[in-house]
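Below is one structure, written out as structure tokens, with a few remarks after it.
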Amino acid sequence: MIKITNLSKSYGDTKALDSLSLEIREGSVFGLLGVNGAGKTTLLSILNGLVTQDSGTIDFFGLDMRESKEKVKTLSSIIPQHLAFYENLSVKENLDFFADVQNATQEHYDKAIEVNSLESLLKQKASTLSGGQKRRLNIAIGLLNNPKVIYFDEPTVGIDPKSRNEILDSIKAYKDFGITVVYTSHYMNEIEKICDEVAIISHGKLIEQNSLENLISNRDSEKITLEVIYSDNLKELDMTFINDTIIEIKESELSVTLERLKEAKVSLKSINYGSTDLEKHFLEITGANDV
Amino acid sequence: MMFKAMIKKEFLLVLRDKHALLALFVMPAIFILIMSVAMRDQFTNDSMEFSLYIKDADKSAMSANIVANIEADEKFRLVQNREEAKFIVKIPRRYEKKQKSKIQIDIRDSIKGDEIEAFKAMLLEHLLSARLHSMAKSIEDKSPKASRSLASLEISTDDMYRVRYNSSITIPNSTQQSVPAWIVFGMFFVIIPMSTIYVNERKQNTLARLNSMNVSIFAMGVSKSIPYLFINQIQVLIMLGVGMYLVPLFDTPALEINGSLLALGSISVALSIAAIGISSLIAVSAKSSEQATTIGGILNILLGAIGGVMVPKFIMPPAMQTLTQVSPMSWGLDGFLDIFLKSADLSMILNNVLMLIAFGVLSLIISMIILQIRINRGI
């Protein structure tokens, strides 16, 4: 278990983390949610030994982070948001380099390639890879040291849906290897898809930590949101509006609502079956409008 | 293992940077060739070409003697067409008879003063020699012994003076000046690949990633320096080769290494440490590779101009010669020149070597501190 207690970190007058406390269970896929500037990256940097906290403690599977930073670094790995490898080297040269730097074993080297489906790309220059392939290489490098914990800092930014799903599937697979995953993302559906537990932080403080199941079950999971194209006729409809074009209904009311929209000549844009529950909850408790 | 991997990676990245390789190897080689050939005549009278046309109006034995001696002298090139000559020498009528008559020299406008003086000095040798022979002949009957003594006199300014240069100012030929000057300048151009790779690593978070893998800033700095140390030594070997074997193909003096090879290796390594140090400092301080290469390029040119790379130190005014000492390029250049011109051994250039190493190590330490701060701040 990783136990974080009263962690604080300031940059000048700006408090990036403010007495943050949370616990990350061994073997879990832990989602870390927060708006930009909430303190997610600072927390990951401290957890990965890149930055030292001003105060507070981190118990990393029985090791004190301050005293055993070097050891903790060998047991963890960070997958940075930005692609952190050498574009002018081939995939193999990149993997060889980072493997040698960390004294990775052949077994872990092969596993990183296999899990991220990089076998056919080994000779290719990294700069010529597609966005998704680059992300996979970025992740594979983080697996080379066979970490106990992997920190993913928004690993799916700017890639196509197919590659995103492949990456999410591979992250779920790490759980089977016994690796603890700490995952930050702006995409709530990703958190919902892969995480067991979620912590929401805002202004450097923990707002809520709970299992995903509890977070979603606390909400009206039977609710559906309908996105429509704006029309003046909407004003005449007696419905629950989240904003000008989003209507919230119960699942049982769907057919009746669709009929009423048709009669009012309002065009439907999309139907969302509860996937915004986490997002809605997040917006409610952080007061943020944009994630 | 880690160190080996870091060095290998750095080599791969540098060798794939074609622009950097051009700047490191091709640019200084071309500079050496061009500057050695172009400046060939500016550094020494030996290689001045004195083409002259002689109009002999006297047609005497003495004037014939003058023409014959000039024709035999390798320093002169006697031409038959006056348009081809830099100097037109007119021997007046009755020159032999009238001792006070003067030789007239017509000079093309583009000839410099020191070249004219050199020409006049060398011509004087032949005029005096001819006059002596004429005098010897005139007294041959009356005093044959004195006549023989006079006739046997060889007039040569080289035999009349012993020239000693001030030990601190030794004038090189164009190759001796160009080769070390552009070696020094080229070595400092490691700023281009170093800054590009450094900035890319910082931007792409690879430095932070390596730091998260327990790779210390010290290990990063040293492992980055070693490949450039090798590259700098290869530069030196290539540039020396250009000076020794390529430049002579263009009718320009070849580079001769008279000093100790240990001294040459020492100054070369020390200069490389200085170049790597300042390049690291600029690379870690710059926000972008464009900024680093611009600042690095300007700094190199300024250090080169002050340090005697662009303009040889010996033709600078005394105040400027003193100012050259602020440039590490000057410390390196002086070391090379001492080896090439004064057959210096290591003890003679030890001060330069130590100053360069101290400058380089200090710059490296400061750059590592800046890098650590930037990584900690995530910038």
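Ordering of the structure tokens sets the chain letters (A, B, ...); residue numbers start at 1 within each chain; ligands are numbered from 1 in the order shown.
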
Specify as a PDB file with C-alpha atoms, in the first residue's frame all residues of chain B found within 9 Å of chain A, counting only C-alpha atoms.
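Result file is selection.pdb:
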ATOM      1  CA  MET B   1      26.338  -0.654 -17.986  1.00  0.00           C
ATOM      2  CA  MET B   2      24.384   2.556 -17.437  1.00  0.00           C
ATOM      3  CA  PHE B   3      27.352   4.734 -18.329  1.00  0.00           C
ATOM      4  CA  LYS B   4      28.083   2.709 -21.447  1.00  0.00           C
ATOM      5  CA  ALA B   5      24.450   2.966 -22.536  1.00  0.00           C
ATOM      6  CA  MET B   6      24.415   6.725 -21.988  1.00  0.00           C
ATOM      7  CA  LYS B   8      26.334   4.938 -26.830  1.00  0.00           C
ATOM      8  CA  LYS B   9      23.033   6.822 -26.968  1.00  0.00           C
ATOM      9  CA  LEU B  12      24.023   7.639 -31.951  1.00  0.00           C
ATOM     10  CA  LEU B  13      22.207  10.943 -31.568  1.00  0.00           C
ATOM     11  CA  ARG B  16      22.502  11.197 -36.854  1.00  0.00           C
ATOM     12  CA  ASP B  17      22.594  14.970 -36.663  1.00  0.00           C
ATOM     13  CA  ASN B 200      15.111  18.048 -26.879  1.00  0.00           C
ATOM     14  CA  GLU B 201      15.748  15.816 -23.885  1.00  0.00           C
ATOM     15  CA  LYS B 203      11.404  19.226 -23.704  1.00  0.00           C
ATOM     16  CA  GLN B 204      10.591  15.574 -24.267  1.00  0.00           C
ATOM     17  CA  ASN B 205      10.960  14.848 -20.561  1.00  0.00           C
ATOM     18  CA  THR B 206      13.621  12.228 -21.212  1.00  0.00           C
ATOM     19  CA  LEU B 207      15.936  13.957 -18.746  1.00  0.00           C
ATOM     20  CA  ALA B 208      13.215  13.836 -16.091  1.00  0.00           C
ATOM     21  CA  ARG B 209      12.525  10.220 -17.015  1.00  0.00           C
ATOM     22  CA  LEU B 210      16.211   9.354 -16.683  1.00  0.00           C
ATOM     23  CA  ASN B 211      16.261  11.179 -13.364  1.00  0.00           C
ATOM     24  CA  SER B 212      13.301   9.068 -12.248  1.00  0.00           C
ATOM     25  CA  MET B 213      15.388   6.011 -13.191  1.00  0.00           C
ATOM     26  CA  ASN B 214      18.055   6.991 -10.660  1.00  0.00           C
ATOM     27  CA  VAL B 215      20.377   8.439 -13.299  1.00  0.00           C
ATOM     28  CA  ILE B 375      14.422  19.309 -13.628  1.00  0.00           C
ATOM     29  CA  ASN B 376      13.190  19.883 -10.068  1.00  0.00           C
ATOM     30  CA  ARG B 377      10.993  22.690 -11.306  1.00  0.00           C
ATOM     31  CA  GLY B 378       9.788  20.628 -14.228  1.00  0.00           C
TER      32      GLY B 378
END

Problem - Long-range neighbours of Ile32 of chain B as a ChimeraX atom specification, 8 Å cut-off, only C-alpha atoms, 6 positions minimum in chain - result: /B:175,178-179,182,239,242-243

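Contact shell of segment 106-113 of chain A at 9 Å (only C-alpha atoms; same-chain neighbours under 3 positions omitted): Leu95, Asp96, Ala99, Asn116, Ser117, Leu118, Glu119, Leu122, Leu137, Ile139, Ala140, Ile141, Gly142, Leu143, Leu144, Asn145 and Asn146 of chain A.
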
Exercise for the section: as JSON, numbers by chain, please: all residues of segment 95-240 of chain A that backbone DSSP puts in strand (DSSP E). Expected result: {"A": [149, 150, 151, 152, 153, 180, 181, 182, 183, 184, 197, 198, 199, 200, 201, 202, 205, 206, 207, 208, 209, 210, 211, 223, 224, 225, 226, 227, 228, 240]}

Put those residues in a file: C-alpha atoms, as a short mmCIF file (atom, residue, chain, number, x, y, z; two decimals), in the first residue's frame.
data_model
loop_
_atom_site.label_atom_id
_atom_site.label_comp_id
_atom_site.auth_asym_id
_atom_site.auth_seq_id
_atom_site.Cartn_x
_atom_site.Cartn_y
_atom_site.Cartn_z
CA VAL A 149 3.72 0.71 -9.26
CA ILE A 150 3.23 2.56 -12.54
CA TYR A 151 2.10 6.17 -12.64
CA PHE A 152 0.31 7.14 -15.83
CA ASP A 153 0.06 10.89 -16.41
CA THR A 180 -0.45 -1.17 -8.98
CA VAL A 181 -1.53 1.49 -11.46
CA VAL A 182 -2.05 5.15 -10.63
CA TYR A 183 -3.86 6.77 -13.51
CA THR A 184 -4.63 10.42 -14.21
CA GLU A 197 -10.80 3.36 -6.97
CA VAL A 198 -10.85 7.11 -7.55
CA ALA A 199 -9.49 10.10 -5.67
CA ILE A 200 -10.67 13.57 -6.59
CA ILE A 201 -8.32 16.39 -5.72
CA SER A 202 -8.85 20.10 -6.04
CA LYS A 205 -6.53 18.89 -1.34
CA LEU A 206 -8.29 15.57 -1.36
CA ILE A 207 -12.01 16.14 -1.94
CA GLU A 208 -13.10 12.51 -2.04
CA GLN A 209 -11.64 9.03 -2.23
CA ASN A 210 -13.88 6.07 -2.90
CA SER A 211 -14.27 2.97 -4.97
CA LYS A 223 -30.48 8.49 -15.39
CA ILE A 224 -29.81 9.28 -19.03
CA THR A 225 -28.75 12.54 -20.62
CA LEU A 226 -30.01 13.59 -24.03
CA GLU A 227 -28.18 16.15 -26.08
CA VAL A 228 -30.41 18.03 -28.51
CA THR A 240 -34.99 18.76 -16.34
#

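Nearest residue to Ser255 of chain A among A:Ile242, A:Leu278, A:Ile271, A:Ile179 is A:Ile271, counting only C-alpha atoms.
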
Handout entry: Point-to-point distance in Å for atom CA of Ile216 of chain A and atom CA of Lys280 of chain A
Key =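 These atoms are spaced 10.1 Å apart.
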
Exercise for the section: Name the residues in contact with segment 105-122 of chain B at a cut-off of 6 Å, using only C-alpha atoms, excluding same-chain residues fewer than 5 positions from it; report them as JSON, numbers by chain. Expected result: {"B": [86, 87, 88, 89]}

How would the residues just picked look written out with N, CA and C atoms as an mmCIF file, in the first residue's frame?
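again-v8.cif, freshly written:
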data_model
loop_
_atom_site.group_PDB
_atom_site.id
_atom_site.type_symbol
_atom_site.label_atom_id
_atom_site.label_comp_id
_atom_site.auth_asym_id
_atom_site.auth_seq_id
_atom_site.Cartn_x
_atom_site.Cartn_y
_atom_site.Cartn_z
ATOM 1 N N LYS B 86 54.278 43.278 -61.603
ATOM 2 C CA LYS B 86 53.898 44.148 -60.495
ATOM 3 C C LYS B 86 54.842 45.358 -60.460
ATOM 4 N N PHE B 87 56.097 45.073 -60.842
ATOM 5 C CA PHE B 87 57.119 46.128 -60.780
ATOM 6 C C PHE B 87 57.780 46.260 -62.160
ATOM 7 N N ILE B 88 57.965 47.500 -62.581
ATOM 8 C CA ILE B 88 58.693 47.745 -63.829
ATOM 9 C C ILE B 88 59.980 48.487 -63.450
ATOM 10 N N VAL B 89 61.098 47.852 -63.749
ATOM 11 C CA VAL B 89 62.401 48.408 -63.359
ATOM 12 C C VAL B 89 63.073 48.975 -64.618
#

Exercise for the section: From a DSSP pass on the backbone, collect the residues of segment 167-199 of chain A flagged as helix (DSSP H, G or I) and hand them back as JSON, numbers by chain. Expected result: {"A": [167, 168, 169, 170, 171, 172, 173, 174, 175, 176, 188, 189, 190, 191, 192, 193, 194]}

Problem - Interatomic distance, atom CA of Gln372 of chain B to atom CA of Met355 of chain B (Å, one decimal) - result: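 Distance reported for this atom pair: 25.9 Å.
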
Practice task
Within 7 Å of segment 156-173 of chain A, counting only C-alpha atoms, which residues show up once you throw out same-chain ones fewer than 6 positions away? Write them as a list in words, please.
Solution key: Val115, Gly131, Gly132 and Ile194 of chain A
